[in-house]
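Here's target_22.cif, which has mmCIF, C-alpha atoms:
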```cif
data_upload
loop_
_atom_site.label_atom_id
_atom_site.label_comp_id
_atom_site.auth_asym_id
_atom_site.auth_seq_id
_atom_site.Cartn_x
_atom_site.Cartn_y
_atom_site.Cartn_z
CA MET D 1 101.47 88.84 99.58
CA GLU D 2 103.22 91.44 101.69
CA SER D 3 103.29 95.23 101.64
CA LYS D 4 105.52 98.00 102.90
CA PHE D 5 105.34 101.77 102.94
CA VAL D 6 108.91 103.06 102.65
CA ASP D 7 109.37 106.16 104.81
CA GLU D 8 112.51 107.52 103.15
CA GLU D 9 112.07 109.41 99.90
CA ILE D 10 113.02 107.55 96.74
CA LYS D 11 113.42 109.22 93.34
CA TYR D 12 111.69 106.97 90.82
CA ILE D 13 113.74 106.83 87.63
CA GLY D 14 112.34 103.65 86.08
CA SER D 15 115.19 101.31 87.00
CA GLN D 16 113.24 100.28 90.11
CA LEU D 17 110.83 98.39 87.86
CA ALA D 18 113.07 95.32 87.92
CA PRO D 19 112.85 91.74 89.14
CA HIS D 20 113.62 91.31 92.84
CA TRP D 21 114.01 95.07 93.42
CA ILE D 22 111.63 94.80 96.37
CA TYR D 23 113.48 91.78 97.78
CA LYS D 24 116.94 93.32 97.33
CA ASN D 25 115.95 96.63 98.91
CA PHE D 26 113.35 95.70 101.54
CA GLY D 27 113.84 91.99 102.23
CA ILE D 28 110.39 90.93 101.02
CA CYS D 29 110.70 87.75 98.97
CA GLY D 30 107.73 86.76 96.83
CA ASP D 31 104.63 88.61 95.72
CA ALA D 32 104.73 92.11 97.19
CA ILE D 33 103.60 95.72 96.90
CA VAL D 34 105.60 98.68 98.17
CA ALA D 35 104.83 102.39 98.17
CA PHE D 36 107.10 105.40 98.55
CA ILE D 37 107.11 109.13 97.94
CA GLY D 38 109.60 111.07 95.85
CA GLU D 39 110.34 112.85 92.62
CA MET D 40 109.76 110.95 89.37
CA ASP D 41 112.05 111.47 86.41
CA VAL D 42 111.93 108.68 83.83
CA LYS D 43 114.12 109.32 80.81
CA ILE D 44 113.41 107.78 77.42
CA THR D 45 116.26 105.28 77.94
CA GLU D 46 114.45 103.83 81.00
CA MET D 47 110.99 103.73 79.39
CA VAL D 48 109.17 100.41 79.34
CA ASP D 49 106.19 101.71 77.37
CA ILE D 50 107.25 101.63 73.72
CA GLU D 51 104.43 104.05 72.79
CA ASP D 52 106.01 106.67 75.09
CA VAL D 53 109.40 105.99 73.50
CA LEU D 54 108.02 106.41 69.97
CA THR D 55 106.33 109.69 70.89
CA ASN D 56 109.40 110.85 72.85
CA SER D 57 107.36 111.38 76.02
CA PRO D 58 109.56 111.31 79.13
CA ILE D 59 107.75 111.32 82.49
CA TYR D 60 108.37 113.88 85.20
CA SER D 61 106.69 114.81 88.47
CA LYS D 62 108.09 116.96 91.24
CA LYS D 63 106.51 114.71 93.88
CA MET D 64 104.63 111.42 93.50
CA VAL D 65 103.56 108.45 95.53
CA SER D 66 104.71 105.36 93.67
CA PHE D 67 103.48 101.80 93.99
CA ILE D 68 105.62 98.94 92.74
CA LEU D 69 104.18 95.43 92.62
CA GLU D 70 105.87 92.17 91.81
CA HIS D 71 103.92 88.99 91.14
CA PHE D 72 105.66 85.70 90.42
CA GLU D 73 104.05 83.04 88.20
CA MET D 74 101.75 85.61 86.62
CA PRO D 75 101.42 86.08 82.85
CA LEU D 76 101.57 89.60 81.45
CA ALA D 77 97.88 89.71 80.48
CA GLU D 78 96.92 88.96 84.09
CA ALA D 79 99.38 91.59 85.33
CA VAL D 80 97.72 94.19 83.08
CA SER D 81 94.36 93.15 84.55
CA ARG D 82 95.79 93.48 88.06
CA GLN D 83 97.19 96.90 87.16
CA ARG D 84 93.70 98.01 86.16
CA LEU D 85 92.23 96.45 89.32
CA LEU D 86 94.62 98.55 91.38
CA ILE D 87 93.65 101.65 89.39
CA CYS D 88 89.98 100.92 90.22
CA ILE D 89 90.85 100.51 93.92
CA ILE D 90 92.60 103.90 93.85
CA ILE D 91 89.51 105.47 92.25
CA GLU D 92 87.28 103.94 94.94
CA GLU D 93 89.55 105.32 97.67
CA LEU D 94 89.55 108.76 96.00
CA ARG D 95 85.74 108.77 95.91
CA LYS D 96 85.69 108.23 99.69
CA LEU D 97 87.79 111.37 100.21
CA LEU D 98 86.61 113.79 97.52
CA PRO D 99 83.31 115.66 97.17
CA PRO D 100 80.67 113.68 95.22
CA GLU D 101 80.62 116.21 92.39
CA THR D 102 84.31 115.56 91.65
CA LYS D 103 84.65 114.00 88.20
CA ILE D 104 86.92 110.95 88.44
CA THR D 105 87.38 108.88 85.29
CA ARG D 106 89.53 106.01 84.10
CA SER D 107 90.85 105.61 80.58
CA GLY D 108 92.65 102.28 80.36
CA ASP D 109 95.28 102.48 83.09
CA ASP D 110 95.08 106.27 83.55
CA ILE D 111 93.13 108.20 86.21
CA PHE D 112 91.78 111.68 85.47
CA VAL D 113 90.26 114.02 88.05
CA ASN D 114 88.28 116.91 86.59
CA ASP D 115 89.97 116.19 83.24
CA ALA D 116 93.51 116.50 84.66
CA LYS D 117 95.78 113.46 84.72
CA LEU D 118 96.55 112.09 88.19
CA SER D 119 98.45 108.90 87.37
CA VAL D 120 101.09 107.18 85.33
CA SER D 121 101.13 103.42 85.10
CA ILE D 122 102.75 100.45 83.40
CA ALA D 123 102.75 96.67 83.66
CA THR D 124 105.54 94.54 82.21
CA LYS D 125 107.11 91.13 82.37
CA SER D 126 110.60 90.24 83.56
CA THR D 127 112.37 86.92 83.22
CA THR D 128 111.06 85.83 86.62
CA SER D 129 107.96 87.90 87.40
CA SER D 130 105.38 90.42 86.32
CA LEU D 131 105.91 93.99 87.48
CA ILE D 132 103.56 96.93 87.89
CA HIS D 133 104.28 100.57 88.62
CA ILE D 134 101.64 103.18 89.37
CA GLY D 135 102.53 106.76 90.26
CA LEU D 136 100.09 109.36 91.58
CA ASN D 137 101.00 113.03 91.50
CA ILE D 138 101.17 114.59 94.94
CA ASN D 139 102.23 117.93 93.55
CA SER D 140 101.24 118.75 89.96
CA ASP D 141 103.61 121.72 89.58
CA SER D 142 106.14 121.26 86.77
CA ALA D 143 104.19 118.41 85.14
CA PRO D 144 104.68 118.46 81.34
CA ILE D 145 100.92 117.92 80.76
CA LYS D 146 97.63 119.03 82.36
CA ALA D 147 97.89 117.20 85.67
CA CYS D 148 96.46 117.24 89.17
CA GLY D 149 98.05 116.38 92.49
CA LEU D 150 96.69 114.68 95.59
CA GLU D 151 97.84 117.47 97.92
CA ASN D 152 97.93 120.69 95.97
CA ASP D 153 94.82 120.12 93.84
CA LEU D 154 92.67 117.59 95.72
CA GLY D 155 93.50 118.48 99.33
CA ILE D 156 94.54 114.94 100.30
CA THR D 157 97.29 115.63 102.84
CA CYS D 158 97.56 112.19 104.47
CA VAL D 159 99.20 110.55 101.43
CA LYS D 160 100.96 107.87 103.50
CA GLU D 161 97.66 106.66 105.01
CA PHE D 162 96.01 106.87 101.58
CA ALA D 163 98.77 104.68 100.11
CA LYS D 164 98.57 102.18 102.98
CA ASN D 165 94.79 101.86 102.50
CA ILE D 166 95.30 101.17 98.80
CA MET D 167 97.90 98.49 99.51
CA THR D 168 95.67 96.85 102.14
CA ARG D 169 92.73 96.81 99.75
CA TYR D 170 94.88 95.30 96.98
CA ILE D 171 96.15 92.53 99.24
CA GLU D 172 92.57 91.76 100.34
CA GLU D 173 91.55 91.51 96.66
CA ASP D 174 94.54 89.27 95.94
CA LYS D 175 93.55 86.89 98.77
CA ASP D 176 89.92 86.94 97.67
CA ILE D 177 90.87 86.14 94.07
CA HIS D 178 92.95 83.19 95.30
CA PHE D 179 90.04 81.98 97.46
CA ALA D 180 87.60 82.33 94.53
CA VAL D 181 89.91 80.15 92.41
CA CYS D 182 90.26 77.49 95.14
CA LYS D 183 86.62 77.21 96.25
CA VAL D 184 85.06 76.03 93.00
CA ARG D 185 84.98 72.57 91.51
CA GLY D 186 85.77 71.99 87.87
CA VAL D 187 82.99 71.21 85.41
#
```
Target encoding structure tokens, full file:
Amino acid sequence: MESKFVDEEIKYIGSQLAPHWIYKNFGICGDAIVAFIGEMDVKITEMVDIEDVLTNSPIYSKKMVSFILEHFEMPLAEAVSRQRLLICIIIEELRKLLPPETKITRSGDDIFVNDAKLSVSIATKSTTSSLIHIGLNINSDSAPIKACGLENDLGITCVKEFAKNIMTRYIEEDKDIHFAVCKVRGV
């Protein structure tokens, strides 16, 4: 599995959650995770989460760090589990940077810090792969709900390094999961 932090800003509109988007745009073929910073504006027509469509809940953030993952040969249930694993990695990395009294909680695939929503997330299946998107607010201004941002609310100014650490940790977990599968004998 490979990773890449994309230095140029990308506006996430939902269409990036597509098979081979990483390969077509960054030349990484196979399982991969990329991160980038930019505005997020996902209209109802681009929504993958049917619950958000039914409740007419478009997603907007002035500035987010987005992670897109693509795993081939992975069923959707495993992709949802991997999505939640990545959410837990993010929480662990936040706990390293924030004061111990900071209240960080997870509800399904959502992260809340001091009862304000930090993340958006979805896992889905394409015809060739499973796809995951996680977005973390950098700036919570203009969010349509009670939200918090890495920079303006939590004081995390080195977002690029934070994102790289998360990707490194995820790849290490991915390798370790593969090793755990390979090292045991069947019974």
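On the file presented, the PyMOL selection byres ((chain D and resi 123) around 7) picks out Ala79, Val80, Gln83, Ile122, Thr124, Leu131, Ile132 and His133 of chain D.
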Notebook entry, point to check: Contacts of stretch 151-160 of chain D at 8 Å or less, counting only C-alpha atoms, minus same-chain residues fewer than 3 places along, as a PyMOL selection string?
Noted result: chain D and resi 5+65+97-98+138-140+148+163-164
Keeping C-alpha atoms for every residue in the selection just given, could you write it to a file as an mmCIF file, keeping the file's coordinate frame?
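Saved result, out.cif, follows:
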```
data_model
loop_
_atom_site.group_PDB
_atom_site.id
_atom_site.type_symbol
_atom_site.label_atom_id
_atom_site.label_comp_id
_atom_site.auth_asym_id
_atom_site.auth_seq_id
_atom_site.Cartn_x
_atom_site.Cartn_y
_atom_site.Cartn_z
ATOM 1 C CA PHE D 5 105.340 101.770 102.940
ATOM 2 C CA VAL D 65 103.560 108.450 95.530
ATOM 3 C CA LEU D 97 87.790 111.370 100.210
ATOM 4 C CA LEU D 98 86.610 113.790 97.520
ATOM 5 C CA ILE D 138 101.170 114.590 94.940
ATOM 6 C CA ASN D 139 102.230 117.930 93.550
ATOM 7 C CA SER D 140 101.240 118.750 89.960
ATOM 8 C CA CYS D 148 96.460 117.240 89.170
ATOM 9 C CA ALA D 163 98.770 104.680 100.110
ATOM 10 C CA LYS D 164 98.570 102.180 102.980
#
```
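Residues matched by the PyMOL selection byres ((chain D and resi 114) around 8) in this file: Thr102, Lys103, Ile104, Phe112, Val113, Asp115 and Ala116 of chain D.
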Please dump the current selection as a JSON list (two decimals), in the coordinates of the input; keep C-alpha atoms.
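What follows is the written file part-v6.json:
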```
[["chain", "number", "residue", "atom", "x", "y", "z"],
["D", 102, "THR", "CA", 84.31, 115.56, 91.65],
["D", 103, "LYS", "CA", 84.65, 114.00, 88.20],
["D", 104, "ILE", "CA", 86.92, 110.95, 88.44],
["D", 112, "PHE", "CA", 91.78, 111.68, 85.47],
["D", 113, "VAL", "CA", 90.26, 114.02, 88.05],
["D", 115, "ASP", "CA", 89.97, 116.19, 83.24],
["D", 116, "ALA", "CA", 93.51, 116.50, 84.66]]
```
Margin query: Would you pick out the contacts of D:Ser107 at 12 Å or less, using all atoms listed in the file, so that residues sharing its chain but fewer than 2 positions from it are not included, and give the list as a list in words?
Written below: Arg84, Ile87, Cys88, Ile91, Ile104, Thr105, Asp109, Asp110, Ile111, Phe112, Val113, Asp115, Ala116, Lys117, Leu118, Ser119, Val120 and Ser121 of chain D
Proximity check stretch 34-134 of chain D to stretch 165-172 of chain D, 10 Å, nearest pairs one decimal Å, all atoms listed in the file, as a Markdown table:
```
| residue | atom | partner | partner_atom | distance |
| --- | --- | --- | --- | --- |
| D:Val34 | CA | D:Met167 | CA | 7.8 |
| D:Ala35 | CA | D:Met167 | CA | 8.1 |
| D:Phe67 | CA | D:Met167 | CA | 8.5 |
| D:Leu69 | CA | D:Met167 | CA | 9.8 |
| D:Arg82 | CA | D:Tyr170 | CA | 9.1 |
| D:Leu85 | CA | D:Tyr170 | CA | 8.2 |
| D:Leu86 | CA | D:Tyr170 | CA | 6.5 |
| D:Ile87 | CA | D:Ile166 | CA | 9.6 |
| D:Ile89 | CA | D:Ile166 | CA | 6.6 |
| D:Ile90 | CA | D:Ile166 | CA | 6.3 |
| D:Ile91 | CA | D:Ile166 | CA | 9.7 |
| D:Glu92 | CA | D:Ile166 | CA | 9.3 |
| D:Glu93 | CA | D:Ile166 | CA | 7.2 |
| D:Leu94 | CA | D:Ile166 | CA | 9.9 |
```
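The shell of residues at most 8 Å from D:His20, with only C-alpha atoms counted and near chain neighbours (fewer than 2 positions) removed, consists of D:Ala18, D:Ile22, D:Tyr23, D:Lys24, D:Cys29, D:Glu70.
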Check: So what does the PyMOL selection byres ((chain D and resi 62) around 10) actually pick up in this one, as a PyMOL selection string?
Finding: chain D and resi 11+38-41+60-61+63-64+137-143
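Distance annotation: of D:Lys146, D:Lys175, D:Lys96, D:His71, the residue with the minimal separation from D:Lys125 is D:His71; atom set is only C-alpha atoms.
Distance-wise, atom CA of D:Gly108 and atom CA of D:Phe162 end up 22.0 Å apart.
Going from atom CA of D:Ile145 to atom CA of D:Ile37 covers 20.3 Å.
In terms of minimum interatomic distance to D:Gln16, D:Ile68 ranks closest within D:Ile59, D:Ala180, D:Ala147, D:Ile68, counting all atoms listed in the file.
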Margin query: Report, in Å to a single decimal, how far apart atom CA of D:Thr55 and atom CA of D:Ile13 are.
Written below: 18.5 Å
Kindly reconstruct stretch 32-61 of chain D with N, CA and C atoms and present the result as a tab-separated table (two decimals), in the coordinates of the input.
```tsv
chain	number	residue	atom	x	y	z
D	32	ALA	N	104.66	90.97	96.27
D	32	ALA	CA	104.73	92.11	97.19
D	32	ALA	C	104.28	93.39	96.50
D	33	ILE	N	103.90	94.36	97.34
D	33	ILE	CA	103.60	95.72	96.90
D	33	ILE	C	104.27	96.67	97.87
D	34	VAL	N	105.00	97.64	97.33
D	34	VAL	CA	105.60	98.68	98.17
D	34	VAL	C	105.16	100.04	97.64
D	35	ALA	N	105.16	101.01	98.54
D	35	ALA	CA	104.83	102.39	98.17
D	35	ALA	C	105.87	103.31	98.78
D	36	PHE	N	106.15	104.40	98.07
D	36	PHE	CA	107.10	105.40	98.55
D	36	PHE	C	106.80	106.72	97.88
D	37	ILE	N	107.31	107.78	98.46
D	37	ILE	CA	107.11	109.13	97.94
D	37	ILE	C	108.44	109.67	97.44
D	38	GLY	N	108.39	110.43	96.37
D	38	GLY	CA	109.60	111.07	95.85
D	38	GLY	C	109.35	111.66	94.47
D	39	GLU	N	110.36	112.31	93.98
D	39	GLU	CA	110.34	112.85	92.62
D	39	GLU	C	110.29	111.70	91.63
D	40	MET	N	109.73	111.94	90.45
D	40	MET	CA	109.76	110.95	89.37
D	40	MET	C	110.37	111.61	88.15
D	41	ASP	N	111.39	110.95	87.60
D	41	ASP	CA	112.05	111.47	86.41
D	41	ASP	C	112.51	110.28	85.57
D	42	VAL	N	111.65	109.86	84.66
D	42	VAL	CA	111.93	108.68	83.83
D	42	VAL	C	112.33	109.16	82.44
D	43	LYS	N	113.59	108.94	82.12
D	43	LYS	CA	114.12	109.32	80.81
D	43	LYS	C	113.71	108.29	79.75
D	44	ILE	N	113.78	108.66	78.53
D	44	ILE	CA	113.41	107.78	77.42
D	44	ILE	C	114.18	106.46	77.48
D	45	THR	N	115.44	106.50	77.88
D	45	THR	CA	116.26	105.28	77.94
D	45	THR	C	115.76	104.27	78.98
D	46	GLU	N	114.99	104.72	79.96
D	46	GLU	CA	114.45	103.83	81.00
D	46	GLU	C	112.99	103.46	80.76
D	47	MET	N	112.40	103.97	79.67
D	47	MET	CA	110.99	103.73	79.39
D	47	MET	C	110.72	102.27	79.07
D	48	VAL	N	109.64	101.76	79.63
D	48	VAL	CA	109.17	100.41	79.34
D	48	VAL	C	108.06	100.47	78.29
D	49	ASP	N	107.30	101.54	78.30
D	49	ASP	CA	106.19	101.71	77.37
D	49	ASP	C	106.73	102.20	76.02
D	50	ILE	N	106.70	101.32	75.04
D	50	ILE	CA	107.25	101.63	73.72
D	50	ILE	C	106.50	102.80	73.08
D	51	GLU	N	105.20	102.92	73.34
D	51	GLU	CA	104.43	104.05	72.79
D	51	GLU	C	105.02	105.38	73.27
D	52	ASP	N	105.39	105.45	74.57
D	52	ASP	CA	106.01	106.67	75.09
D	52	ASP	C	107.38	106.92	74.45
D	53	VAL	N	108.10	105.85	74.16
D	53	VAL	CA	109.40	105.99	73.50
D	53	VAL	C	109.21	106.55	72.09
D	54	LEU	N	108.25	105.98	71.35
D	54	LEU	CA	108.02	106.41	69.97
D	54	LEU	C	107.54	107.86	69.88
D	55	THR	N	106.82	108.30	70.90
D	55	THR	CA	106.33	109.69	70.89
D	55	THR	C	107.26	110.62	71.67
D	56	ASN	N	108.41	110.08	72.10
D	56	ASN	CA	109.40	110.85	72.85
D	56	ASN	C	108.75	111.60	74.02
D	57	SER	N	108.11	110.82	74.90
D	57	SER	CA	107.36	111.38	76.02
D	57	SER	C	107.96	110.97	77.36
D	58	PRO	N	109.02	111.63	77.81
D	58	PRO	CA	109.56	111.31	79.13
D	58	PRO	C	108.54	111.67	80.21
D	59	ILE	N	108.70	111.10	81.40
D	59	ILE	CA	107.75	111.32	82.49
D	59	ILE	C	108.46	112.07	83.62
D	60	TYR	N	107.81	113.12	84.08
D	60	TYR	CA	108.37	113.88	85.20
D	60	TYR	C	107.27	114.31	86.15
D	61	SER	N	107.55	114.24	87.44
D	61	SER	CA	106.69	114.81	88.47
D	61	SER	C	107.58	115.24	89.63
```
